[in-house]
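Below: input_5.txt (compact mmCIF, C-alpha atoms)
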```
# COMPACT_ATOMS: atom_id res chain seq x y z
CA MET A 25 26.91 3.23 -8.89
CA LYS A 26 25.94 5.69 -11.61
CA ILE A 27 22.89 7.84 -11.05
CA SER A 28 21.39 10.78 -12.87
CA MET A 29 18.66 13.12 -11.74
CA THR A 30 17.23 16.51 -12.46
CA VAL A 31 17.56 18.99 -9.62
CA ASN A 32 15.91 22.38 -9.99
CA GLY A 33 15.73 21.87 -13.74
CA LYS A 34 19.40 20.99 -14.11
CA GLN A 35 20.58 17.51 -15.06
CA TYR A 36 23.26 15.89 -12.86
CA GLU A 37 25.15 12.63 -13.20
CA HIS A 38 27.39 11.12 -10.54
CA ASP A 39 28.90 7.87 -9.41
CA VAL A 40 27.82 7.37 -5.79
CA GLU A 41 27.97 4.79 -3.03
CA PRO A 42 24.59 3.06 -2.55
CA ARG A 43 24.52 4.16 1.09
CA LEU A 44 24.75 7.87 0.27
CA LEU A 45 21.57 9.56 1.46
CA LEU A 46 19.73 11.87 -0.91
CA VAL A 47 20.12 14.79 1.49
CA HIS A 48 23.91 14.36 1.54
CA TYR A 49 23.99 14.04 -2.24
CA ILE A 50 22.12 17.34 -2.49
CA ARG A 51 24.21 19.13 0.14
CA ASP A 52 27.70 17.66 -0.21
CA VAL A 53 27.88 16.61 -3.86
CA LEU A 54 25.68 19.23 -5.51
CA GLN A 55 26.61 21.87 -2.90
CA LEU A 56 22.98 22.92 -2.54
CA THR A 57 23.07 23.57 1.19
CA GLY A 58 19.64 25.14 1.55
CA THR A 59 18.25 21.68 2.34
CA HIS A 60 19.09 21.04 6.00
CA VAL A 61 19.77 17.98 8.11
CA GLY A 62 17.97 18.30 11.42
CA CYS A 63 17.05 15.16 13.34
CA ASP A 64 18.29 12.70 10.68
CA THR A 65 15.46 10.37 11.77
CA SER A 66 12.63 11.45 9.42
CA GLN A 67 10.79 13.34 12.12
CA CYS A 68 11.74 17.03 11.90
CA GLY A 69 11.27 17.65 8.18
CA ALA A 70 14.24 20.07 7.79
CA CYS A 71 15.47 17.93 4.87
CA THR A 72 12.19 18.08 2.92
CA VAL A 73 12.50 18.34 -0.86
CA ILE A 74 10.06 17.71 -3.68
CA MET A 75 10.67 14.39 -5.45
CA ASP A 76 8.59 13.69 -8.55
CA GLY A 77 5.98 16.16 -7.36
CA ALA A 78 5.66 15.02 -3.73
CA ALA A 79 7.28 16.33 -0.53
CA VAL A 80 9.69 13.77 0.92
CA LYS A 81 12.27 13.61 3.69
CA ALA A 82 15.64 13.39 1.95
CA CYS A 83 17.37 11.99 5.06
CA THR A 84 15.40 8.76 4.66
CA ILE A 85 15.87 8.19 0.93
CA LEU A 86 18.98 6.83 -0.74
CA ALA A 87 20.44 8.90 -3.55
CA VAL A 88 20.32 5.75 -5.71
CA GLN A 89 16.56 5.57 -5.09
CA ALA A 90 16.25 9.02 -6.64
CA ASP A 91 17.89 7.86 -9.87
CA ALA A 92 15.96 9.39 -12.81
CA ALA A 93 13.86 11.50 -10.43
CA GLN A 94 12.89 15.16 -10.69
CA ILE A 95 13.97 16.96 -7.52
CA GLU A 96 13.16 20.48 -6.40
CA THR A 97 14.93 22.14 -3.50
CA ILE A 98 14.51 25.52 -1.84
CA GLU A 99 17.14 26.95 -4.23
CA GLY A 100 14.85 26.23 -7.18
CA LEU A 101 11.83 28.21 -5.98
CA ALA A 102 12.73 31.84 -6.72
CA THR A 103 12.64 32.82 -10.38
CA ASN A 104 14.87 35.54 -11.79
CA GLY A 105 15.68 36.78 -8.33
CA GLU A 106 12.03 37.11 -7.37
CA LEU A 107 10.87 35.19 -4.33
CA HIS A 108 8.24 32.48 -4.72
CA PRO A 109 4.90 33.48 -3.09
CA ILE A 110 5.51 30.96 -0.29
CA GLN A 111 8.93 32.50 0.42
CA ARG A 112 7.31 35.94 0.33
CA GLY A 113 4.70 34.72 2.82
CA PHE A 114 7.39 33.66 5.30
CA TRP A 115 9.09 37.05 4.80
CA GLU A 116 5.94 39.14 5.15
CA GLU A 117 4.41 37.24 8.07
CA HIS A 118 7.67 36.75 10.00
CA GLY A 119 7.32 32.99 9.54
CA LEU A 120 10.84 32.28 10.75
CA GLN A 121 13.12 33.15 13.59
CA CYS A 122 16.36 31.15 13.36
CA GLY A 123 15.42 29.89 9.90
CA PHE A 124 16.70 26.35 10.26
CA CYS A 125 13.36 24.65 9.64
CA THR A 126 12.27 27.16 6.98
CA PRO A 127 13.43 25.43 3.77
CA GLY A 128 11.67 22.24 4.85
CA MET A 129 8.55 24.12 5.92
CA ILE A 130 8.44 25.86 2.55
CA MET A 131 8.95 22.70 0.48
CA THR A 132 6.21 20.91 2.43
CA THR A 133 3.97 23.90 1.77
CA VAL A 134 4.62 23.50 -1.97
CA ASP A 135 3.08 19.99 -1.79
CA LEU A 136 0.31 21.08 0.59
CA LEU A 137 -0.90 23.98 -1.59
CA LYS A 138 -0.60 21.97 -4.80
CA ASN A 139 -3.15 19.46 -3.48
CA ASN A 140 -5.21 21.91 -1.46
CA PRO A 141 -4.90 25.50 -2.76
CA ALA A 142 -7.19 26.96 -0.07
CA PRO A 143 -6.50 25.04 3.14
CA SER A 144 -8.20 25.85 6.44
CA GLU A 145 -6.01 26.65 9.44
CA GLU A 146 -6.56 23.10 10.69
CA GLU A 147 -5.56 21.64 7.33
CA ILE A 148 -2.40 23.76 7.33
CA ARG A 149 -1.46 22.59 10.82
CA LYS A 150 -2.10 18.98 9.82
CA GLY A 151 -0.20 19.48 6.57
CA ILE A 152 2.97 20.68 8.30
CA GLU A 153 2.88 18.20 11.18
CA GLY A 154 5.98 16.53 9.73
CA ASN A 155 7.98 19.74 10.14
CA LEU A 156 9.18 20.81 13.55
CA CYS A 157 10.06 24.42 14.44
CA ARG A 158 12.11 24.72 17.60
CA CYS A 159 11.61 28.49 17.86
CA THR A 160 7.91 27.57 18.35
CA GLY A 161 6.92 29.89 15.57
CA TYR A 162 3.96 27.91 14.28
CA GLN A 163 1.56 30.83 14.66
CA ASN A 164 3.36 32.92 12.08
CA ILE A 165 4.20 29.92 9.91
CA VAL A 166 0.47 29.27 9.58
CA LYS A 167 -0.04 32.94 8.68
CA ALA A 168 2.77 32.72 6.13
CA ILE A 169 1.10 29.74 4.47
CA GLN A 170 -2.27 31.50 4.48
CA TYR A 171 -0.58 34.51 2.87
CA ALA A 172 0.95 32.26 0.19
CA ALA A 173 -2.37 30.51 -0.46
CA ARG A 174 -4.05 33.89 -1.02
CA GLU A 175 -1.24 35.12 -3.26
CA MET A 176 -1.13 31.95 -5.31
CA SER A 177 -4.89 31.90 -5.85
CA GLY A 178 -4.74 35.51 -7.02
CA THR A 179 -6.67 37.03 -4.13
CA ARG A 180 -4.35 39.55 -2.54
CA ALA A 181 -4.25 39.95 1.19
CA MET B 266 24.04 8.82 10.11
CA TYR B 267 25.18 6.40 7.46
CA PRO B 268 24.01 2.83 7.06
CA ALA B 269 26.69 0.14 6.85
CA LYS B 270 27.82 -0.65 3.30
CA PHE B 271 25.52 -2.66 1.07
CA ASP B 272 24.91 -3.49 -2.58
CA TYR B 273 21.86 -2.03 -4.27
CA VAL B 274 19.82 -3.63 -7.04
CA ALA B 275 16.54 -2.53 -8.58
CA PRO B 276 15.07 -5.45 -10.55
CA SER B 277 12.30 -4.78 -13.07
CA SER B 278 10.36 -8.03 -12.58
CA LEU B 279 9.05 -10.08 -9.71
CA ASP B 280 10.86 -13.18 -10.95
CA GLU B 281 14.18 -11.35 -11.00
CA ALA B 282 13.55 -10.01 -7.50
CA LEU B 283 12.72 -13.51 -6.24
CA ARG B 284 15.88 -14.89 -7.82
CA LEU B 285 18.04 -12.16 -6.22
CA LEU B 286 16.34 -12.78 -2.90
CA SER B 287 17.00 -16.52 -2.90
CA GLU B 288 20.57 -16.06 -4.14
CA SER B 289 21.34 -13.75 -1.22
CA GLY B 290 21.10 -16.59 1.28
CA GLY B 291 19.13 -14.48 3.73
CA GLU B 292 21.50 -11.51 3.56
CA ALA B 293 19.24 -9.27 1.43
CA LYS B 294 16.34 -7.02 2.43
CA LEU B 295 13.57 -5.74 0.20
CA ILE B 296 13.11 -1.99 0.11
CA ALA B 297 10.26 0.14 -1.26
CA GLY B 298 9.48 3.38 0.60
CA GLY B 299 12.31 2.58 3.01
CA HIS B 300 10.82 4.62 5.84
CA SER B 301 10.97 1.74 8.30
CA LEU B 302 14.09 0.00 7.00
CA LEU B 303 16.44 2.96 6.42
CA PRO B 304 16.07 4.36 9.96
CA MET B 305 16.96 0.89 11.29
CA MET B 306 19.93 0.68 8.94
CA LYS B 307 21.14 4.13 10.00
CA LEU B 308 21.11 2.94 13.60
CA ARG B 309 22.88 -0.28 12.45
CA LEU B 310 20.02 -2.31 13.86
CA ALA B 311 19.79 -3.80 10.39
CA GLN B 312 22.83 -4.43 8.18
CA PRO B 313 21.69 -6.21 5.04
CA ALA B 314 24.40 -7.07 2.51
CA THR B 315 22.06 -6.22 -0.36
CA LEU B 316 19.03 -4.01 -0.80
CA ILE B 317 16.57 -5.16 -3.44
CA ASP B 318 14.47 -2.16 -4.44
CA ILE B 319 11.12 -3.47 -5.68
CA ARG B 320 9.64 -0.15 -6.83
CA LYS B 321 10.32 -0.82 -10.51
CA ILE B 322 8.32 -4.05 -10.54
CA PRO B 323 5.15 -3.42 -12.53
CA GLY B 324 1.67 -4.37 -11.35
CA LEU B 325 2.13 -3.79 -7.63
CA ASN B 326 0.82 -0.27 -7.60
CA GLU B 327 -2.92 -0.60 -8.11
CA ILE B 328 -6.03 -0.09 -6.02
CA ARG B 329 -8.96 -2.21 -7.24
CA VAL B 330 -12.49 -2.57 -5.92
CA ASP B 331 -14.87 -5.28 -7.09
CA ALA B 332 -17.74 -7.32 -5.65
CA GLY B 333 -15.30 -9.41 -3.62
CA GLY B 334 -13.73 -6.42 -1.93
CA LEU B 335 -10.69 -4.19 -2.09
CA THR B 336 -7.32 -5.28 -3.50
CA ILE B 337 -4.28 -3.07 -2.99
CA GLY B 338 -0.84 -3.60 -4.49
CA ALA B 339 2.07 -3.81 -2.06
CA LEU B 340 3.70 -0.65 -3.47
CA VAL B 341 0.67 1.61 -3.03
CA THR B 342 1.66 4.45 -0.71
CA GLN B 343 -0.20 5.57 2.35
CA ALA B 344 -0.78 8.91 0.60
CA GLN B 345 -2.43 7.12 -2.34
CA ILE B 346 -4.65 5.15 0.03
CA ALA B 347 -5.55 8.25 2.06
CA SER B 348 -6.58 10.19 -1.04
CA SER B 349 -8.43 7.36 -2.78
CA PRO B 350 -12.22 7.86 -2.97
CA GLU B 351 -12.61 4.12 -3.72
CA VAL B 352 -10.89 3.18 -0.47
CA ALA B 353 -12.92 5.77 1.46
CA ARG B 354 -16.13 4.15 0.19
CA ALA B 355 -15.05 0.52 0.48
CA LEU B 356 -13.24 0.58 3.83
CA PRO B 357 -13.42 3.90 5.73
CA MET B 358 -11.17 2.71 8.58
CA LEU B 359 -8.35 2.11 6.10
CA SER B 360 -8.65 5.67 4.75
CA GLU B 361 -8.66 7.01 8.28
CA ALA B 362 -5.64 4.98 9.34
CA ALA B 363 -3.61 5.77 6.21
CA GLU B 364 -4.33 9.45 6.68
CA LYS B 365 -3.00 9.25 10.25
CA VAL B 366 0.28 7.49 9.41
CA GLY B 367 3.35 9.60 10.20
CA ASP B 368 3.07 12.86 8.32
CA LEU B 369 2.61 14.12 4.77
CA GLN B 370 6.18 13.35 3.72
CA VAL B 371 6.21 9.90 5.33
CA ARG B 372 2.87 9.00 3.71
CA ASN B 373 4.27 10.03 0.34
CA LYS B 374 6.93 7.30 0.59
CA GLY B 375 5.62 4.62 2.96
CA THR B 376 3.79 1.68 1.37
CA ILE B 377 1.05 -0.63 2.64
CA GLY B 378 3.13 -3.70 1.81
CA GLY B 379 6.05 -2.34 3.79
CA SER B 380 3.87 -1.39 6.73
CA LEU B 381 2.47 -4.92 7.02
CA ALA B 382 5.69 -6.81 6.25
CA HIS B 383 7.66 -4.72 8.75
CA SER B 384 5.11 -5.39 11.49
CA ASP B 385 6.13 -2.47 13.64
CA PRO B 386 4.43 -2.78 17.03
CA ALA B 387 3.18 0.80 16.56
CA GLY B 388 2.26 0.65 12.87
CA ASP B 389 -1.26 1.76 11.97
CA LEU B 390 -2.17 -0.43 9.01
CA PRO B 391 -1.65 -3.79 10.80
CA ALA B 392 -4.64 -3.00 13.04
CA VAL B 393 -6.88 -2.27 10.07
CA PHE B 394 -5.67 -5.38 8.25
CA LEU B 395 -6.66 -7.50 11.29
CA ALA B 396 -10.02 -5.81 11.92
CA ALA B 397 -10.93 -6.16 8.24
CA ASP B 398 -9.98 -9.85 8.36
CA GLY B 399 -7.83 -9.28 5.28
CA GLU B 400 -5.27 -11.50 3.63
CA VAL B 401 -1.99 -11.01 1.78
CA ILE B 402 -0.70 -12.69 -1.32
CA ALA B 403 2.93 -13.79 -0.98
CA ARG B 404 4.98 -14.87 -3.98
CA GLY B 405 7.84 -17.29 -3.55
CA ALA B 406 9.99 -19.35 -5.88
CA SER B 407 7.41 -22.13 -5.92
CA GLY B 408 4.39 -19.93 -6.50
CA GLU B 409 1.81 -17.91 -4.62
CA ARG B 410 0.12 -18.43 -1.30
CA THR B 411 -2.45 -16.59 0.72
CA ILE B 412 -1.88 -15.68 4.36
CA ARG B 413 -4.80 -14.60 6.49
CA ALA B 414 -4.44 -11.58 8.75
CA THR B 415 -5.02 -13.69 11.86
CA ASP B 416 -2.00 -15.84 10.91
CA PHE B 417 0.22 -13.03 9.61
CA PHE B 418 1.70 -11.22 12.62
CA VAL B 419 3.94 -13.55 14.59
CA ASP B 420 5.99 -11.40 16.97
CA ILE B 421 7.70 -8.03 17.18
CA LEU B 422 8.88 -7.13 13.64
CA THR B 423 8.14 -10.71 12.60
CA THR B 424 5.51 -12.01 10.21
CA ALA B 425 4.58 -15.36 8.66
CA LEU B 426 6.36 -14.35 5.44
CA GLU B 427 9.18 -16.71 4.53
CA GLU B 428 12.65 -15.29 3.98
CA ASN B 429 12.39 -15.76 0.20
CA GLU B 430 8.83 -14.53 -0.24
CA ILE B 431 7.61 -11.17 -1.50
CA LEU B 432 4.32 -9.70 -0.35
CA THR B 433 2.59 -8.59 -3.55
CA GLN B 434 -1.03 -7.79 -2.72
CA ILE B 435 -3.30 -7.10 0.18
CA ARG B 436 -6.97 -8.07 -0.01
CA PHE B 437 -9.78 -6.78 2.15
CA PRO B 438 -13.11 -8.62 1.79
CA ALA B 439 -16.17 -6.53 1.00
CA LEU B 440 -17.95 -5.35 4.13
CA ALA B 441 -21.22 -7.08 4.99
CA PRO B 442 -24.33 -4.90 4.72
CA ARG B 443 -24.90 -2.66 7.76
CA THR B 444 -21.24 -2.67 8.73
CA GLY B 445 -19.51 0.43 10.05
CA THR B 446 -15.75 0.79 10.45
CA ALA B 447 -13.52 3.30 12.21
CA TYR B 448 -9.91 3.86 13.27
CA ALA B 449 -9.12 5.84 16.42
CA LYS B 450 -5.55 6.75 17.30
CA PHE B 451 -3.55 8.42 20.04
CA ASP B 452 -0.20 9.27 18.53
CA HIS B 453 3.17 10.46 19.72
CA PRO B 454 3.37 14.15 18.81
CA ALA B 455 6.81 14.04 17.12
CA SER B 456 7.01 10.63 15.46
CA HIS B 457 3.25 10.21 15.02
CA TYR B 458 3.65 6.52 15.80
CA ALA B 459 0.60 5.08 17.53
CA LEU B 460 0.85 4.91 21.30
CA THR B 461 -2.49 3.25 20.72
CA GLY B 462 -4.46 2.71 17.54
CA VAL B 463 -7.73 0.81 17.38
CA ALA B 464 -9.53 -0.38 14.27
CA ALA B 465 -13.11 -1.53 14.64
CA ALA B 466 -15.62 -3.12 12.25
CA VAL B 467 -19.15 -3.55 13.57
CA THR B 468 -22.04 -5.26 11.78
CA VAL B 469 -25.55 -4.77 13.13
CA GLY B 470 -28.36 -7.29 12.68
CA ASP B 471 -32.03 -6.76 11.87
CA GLY B 472 -33.07 -5.93 15.39
CA GLY B 473 -30.30 -3.31 15.67
CA SER B 474 -28.15 -5.39 17.97
CA ILE B 475 -24.51 -6.17 17.15
CA HIS B 476 -24.27 -9.21 14.92
CA GLN B 477 -20.47 -9.22 14.75
CA ALA B 478 -17.62 -6.99 15.89
CA ARG B 479 -13.97 -7.18 14.97
CA VAL B 480 -11.54 -5.06 16.97
CA ALA B 481 -7.78 -4.82 16.53
CA VAL B 482 -5.28 -2.87 18.60
CA THR B 483 -1.81 -1.60 17.67
CA GLY B 484 0.87 0.26 19.62
CA VAL B 485 0.09 -1.58 22.85
CA GLY B 486 1.72 -5.01 22.61
CA VAL B 487 4.68 -6.45 20.68
CA LYS B 488 2.43 -6.80 17.64
CA ALA B 489 -1.02 -5.72 16.54
CA TYR B 490 -3.69 -8.07 17.92
CA ARG B 491 -7.40 -8.86 17.74
CA ALA B 492 -9.10 -7.99 21.01
CA GLU B 493 -11.20 -11.13 21.14
CA GLY B 494 -12.55 -10.51 24.60
CA VAL B 495 -14.04 -7.25 23.39
CA GLU B 496 -15.50 -8.89 20.30
CA GLN B 497 -17.16 -11.67 22.30
CA ALA B 498 -18.64 -9.23 24.78
CA LEU B 499 -20.39 -7.38 21.96
CA THR B 500 -21.96 -10.20 19.97
CA GLY B 501 -25.74 -10.03 20.23
CA ARG B 502 -25.62 -6.90 22.38
CA GLY B 503 -26.61 -3.27 21.81
CA GLY B 504 -24.69 -0.02 22.05
CA ASP B 505 -25.03 -0.03 25.84
CA ALA B 506 -22.49 -2.90 25.94
CA LEU B 507 -19.64 -0.85 24.42
CA GLN B 508 -18.24 0.61 27.59
CA ALA B 509 -17.96 -2.68 29.46
CA ALA B 510 -16.70 -4.55 26.38
CA ALA B 511 -13.97 -1.99 25.73
CA GLU B 512 -12.63 -2.60 29.25
CA ARG B 513 -11.25 -5.90 27.92
CA ALA B 514 -9.12 -4.25 25.19
CA ALA B 515 -5.79 -5.05 26.86
CA ASP B 516 -6.77 -8.24 28.71
CA GLY B 517 -4.01 -10.83 28.62
CA VAL B 518 -1.64 -8.50 26.73
CA ASP B 519 1.89 -7.85 27.92
CA CYS B 520 1.76 -4.09 27.27
CA ASN B 521 4.82 -2.20 26.03
CA ASP B 522 6.49 -0.07 28.65
CA ASP B 523 8.94 2.62 27.47
CA ILE B 524 9.86 6.29 27.80
CA HIS B 525 6.76 7.31 25.84
CA ALA B 526 4.16 5.53 27.93
CA SER B 527 4.03 3.06 30.81
CA ALA B 528 2.37 -0.33 30.35
CA GLU B 529 -0.45 0.77 32.63
CA TYR B 530 -1.06 3.94 30.63
CA ARG B 531 -1.03 2.02 27.34
CA ALA B 532 -3.63 -0.41 28.67
CA HIS B 533 -5.75 2.57 29.68
CA LEU B 534 -5.37 4.12 26.23
CA ALA B 535 -6.30 0.82 24.59
CA ARG B 536 -9.57 0.74 26.56
CA VAL B 537 -10.45 4.37 25.87
CA PHE B 538 -9.65 4.25 22.16
CA THR B 539 -11.41 0.91 21.73
CA ARG B 540 -14.56 2.49 23.13
CA ARG B 541 -14.20 5.47 20.79
CA ALA B 542 -13.51 3.40 17.67
CA LEU B 543 -16.45 1.11 18.48
CA ALA B 544 -18.81 4.02 19.09
CA THR B 545 -17.98 5.55 15.71
CA ALA B 546 -18.15 2.21 13.89
CA LEU B 547 -21.52 1.38 15.45
CA GLU B 548 -22.91 4.80 14.60
CA ARG B 549 -21.84 4.28 10.99
CA ALA B 550 -23.31 0.77 10.89
CA GLN B 551 -26.65 2.14 12.06
CA ALA B 552 -26.63 5.12 9.69
```

Structure encoded using structure tokens:
Amino acid sequence: MKISMTVNGKQYEHDVEPRLLLVHYIRDVLQLTGTHVGCDTSQCGACTVIMDGAAVKACTILAVQADAAQIETIEGLATNGELHPIQRGFWEEHGLQCGFCTPGMIMTTVDLLKNNPAPSEEEIRKGIEGNLCRCTGYQNIVKAIQYAAREMSGTRA
Amino acid sequence: MYPAKFDYVAPSSLDEALRLLSESGGEAKLIAGGHSLLPMMKLRLAQPATLIDIRKIPGLNEIRVDAGGLTIGALVTQAQIASSPEVARALPMLSEAAEKVGDLQVRNKGTIGGSLAHSDPAGDLPAVFLAADGEVIARGASGERTIRATDFFVDILTTALEENEILTQIRFPALAPRTGTAYAKFDHPASHYALTGVAAAVTVGDGGSIHQARVAVTGVGVKAYRAEGVEQALTGRGGDALQAAAERAADGVDCNDDIHASAEYRAHLARVFTRRALATALERAQA
């Protein structure tokens, strides 16, 4: 069936099978492969994108359910070649090792900081509980998010 | 993982959805957030011929509080419930439970109507629905009916909803004066499903003793249940009765036994978390 949606500010229109998952639409049809498929069971959060302003797991949403939606993926964060403050936080604080979970972690952080610009460490850990890092790098991921929160609120580290 | 093939429709009215549902001859499933249904479809545990997406139906997305209590539309998400100051004031255990469902992303999609209609043995909101003595409004071809919480959950993944009915609203009666509520949960660290979740509503009388207690447990049996033995052991008693009453939390229940927790361990968790939920609820009732 015909769907159209805006992804990273760009309008797309495709004819898709109803059973196509949003994450496969993003990766295989739009060729935006920054959004990852990890567990494929809505637990690990590697497939997290922003849909109409809220972080969601794209492995558990049908592409047809995202008809007319506004989607943001990791590819849409940097502007004019300059990293988004959350991306910079992960860079500066060594918030990744293998990097597989990173796009999902970052997109969840977008939602987290939008609703809570100055989260405590506990609130950060609760906020990213739907994102699993198998390099066990949570310590630095928390620091990366704290860095981003400071940057985005204008108080430099 | 791909689900088996299906047709997808997204009606814009309740009447149209009801018509599609009855025309499907039992081969259609309703979908909203999809966070219970799609995982089952990916595992081919469910293979509906048609998905009827009800998210475009107007009027099912509101939270309302009045003198009679709290009314929540079936499409309201767990995230909306968790962040609603009205819900936090009217029914604290519902806020607490919604905030503990899954994770941020899951709460952004999952709906209260879906959580109740799916009746997952480890769902959080069924326990609150039971402890609040709530009711749902179900619309069918021949009109509306009300189903009380105590009649709603039938078996694992099975409710009293008829095949051609749509759950439209959930109602929670206003709490009696001097009532405290709480939800206590022990969750699986990856899925965040409840290994045990206990919702408690405690009303204290003039003398400070417990006038009425309602306790509901999820994650332990095939469906969420009212722990009536616990409730009876508390009526007319004081806080010193909590410990002994909570011991009855899994009495007569055939506890789930799986790779996550043995039946014996689940029964233990039910007792411990019943005590904790009751202690918090009682403290709030007395505050």

Sel. within 10 Å of pt (8.2, -16.4, 2.8), counting all atoms listed in the file, output as an NGL selection string: :B and (403-406 or 409-410 or 424-432)

Distance-based interface of chain B with chain A, 9 Å, counting only C-alpha atoms, as a list in words: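 Result, ordered by chain then number: Met266, Tyr267, Pro268, Ala269, Lys270, Phe271, Asp272, Tyr273, Ala275, Gly298, Gly299, His300, Leu303, Pro304, Lys307, Asp318, Gly367, Asp368, Leu369, Gln370, Val371, Arg372, Asn373, Lys374, Pro454, Ala455, Ser456 and His457 of chain B.
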
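For the atom pair formed by CA of Arg320 (chain B) and CA of Val61 (chain A), the distance is 25.6 Å, given to one decimal.
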
Gap from CA of Cys159 (chain A) to CA of Thr126 (chain A) - Å, one decimal: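 Interatomic distance here is 11.0 Å.
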
Contacts of Ile27 (chain A) within 8 Å, all atoms listed in the file, excl. fewer than 3 positions in-chain, as a list in words: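 Here the qualifying residues turn out to be Glu37, His38, Asp39, Val40, Ala87, Val88, Asp91 and Ala92 of chain A.
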
All residues 9 Å or closer to Thr133 (chain A), only C-alpha atoms, same chain fewer than 4 positions away omitted, as a list in words: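 My list of contacting residues is Ala79, Ile110, Gly128, Met129, Leu137, Lys138, Ile148, Gly151, Ile152 and Ile169 of chain A.
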
Around all listed atoms of region 518-524 of chain B, padded 6 Å per side, what centre and edge lengths does the axis-aligned box have in Å to one decimal, as JSON?
```
{"center_x": 4.1, "center_y": -1.1, "center_z": 27.3, "size_x": 23.5, "size_y": 26.8, "size_z": 14.6}
```

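Shortest separation to Glu361 (chain B) among B:Ser287, B:Ala396, B:Ile319, B:Thr446 occurs at residue B:Thr446, atoms counted being only C-alpha atoms.
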
CA of Glu117 (chain A) to CA of His60 (chain A), distance in Å rounded to a single decimal: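 Going from CA of Glu117 (chain A) over to CA of His60 (chain A), I get 22.0 Å.
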
Val393 (chain B) environment, 12 Å, all atoms listed in the file, sequence neighbours closer than 4 positions dropped, as JSON, numbers by chain: {"B": [356, 357, 358, 359, 360, 361, 362, 363, 377, 380, 381, 388, 389, 397, 398, 399, 400, 414, 415, 435, 436, 437, 446, 447, 448, 449, 450, 462, 463, 464, 465, 466, 479, 480, 481, 482, 483, 489, 490, 491, 542]}

Residues near Ile475 (chain B), cut-off 9 Å, all atoms listed in the file, skip fewer than 3 positions along chain, as a PyMOL selection string: chain B and resi 467-470+472+478+499-504+547

Pull C-alpha atoms from the residues just selected and write them as a CSV table (one decimal), keeping the file's coordinate frame.
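Wrote it out as result_16.csv, contents follow:
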```csv
chain,number,residue,atom,x,y,z
B,467,VAL,CA,-19.2,-3.6,13.6
B,468,THR,CA,-22.0,-5.3,11.8
B,469,VAL,CA,-25.6,-4.8,13.1
B,470,GLY,CA,-28.4,-7.3,12.7
B,472,GLY,CA,-33.1,-5.9,15.4
B,478,ALA,CA,-17.6,-7.0,15.9
B,499,LEU,CA,-20.4,-7.4,22.0
B,500,THR,CA,-22.0,-10.2,20.0
B,501,GLY,CA,-25.7,-10.0,20.2
B,502,ARG,CA,-25.6,-6.9,22.4
B,503,GLY,CA,-26.6,-3.3,21.8
B,504,GLY,CA,-24.7,0.0,22.0
B,547,LEU,CA,-21.5,1.4,15.4
```

Within 8 Å of Val341 (chain B) using only C-alpha atoms, minus same-chain residues under 6 positions, as a PyMOL selection string: chain B and resi 325-328+376-378

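Across A:Ile95, A:Ala90, A:Leu120, A:Ile50, the tightest approach to Ala168 (chain A) is made by A:Leu120 when counting only C-alpha atoms.
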
Among the residues B:Arg513, B:Arg443, B:His525, B:Lys488, the one that comes closest to Ala550 (chain B) [using only C-alpha atoms]: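 Ranking B:Arg513, B:Arg443, B:His525, B:Lys488 by distance to Ala550 (chain B), first place goes to B:Arg443.
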
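In this comparison, which uses only C-alpha atoms, the residue of B:Gln551, B:Asp519, B:Ala392, B:Ala339 approaching Pro442 (chain B) most closely is B:Gln551.
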
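In terms of minimum interatomic distance to Ala544 (chain B), B:Leu507 ranks closest within B:Leu286, B:Ile337, B:Cys520, B:Leu507, counting all atoms listed in the file.
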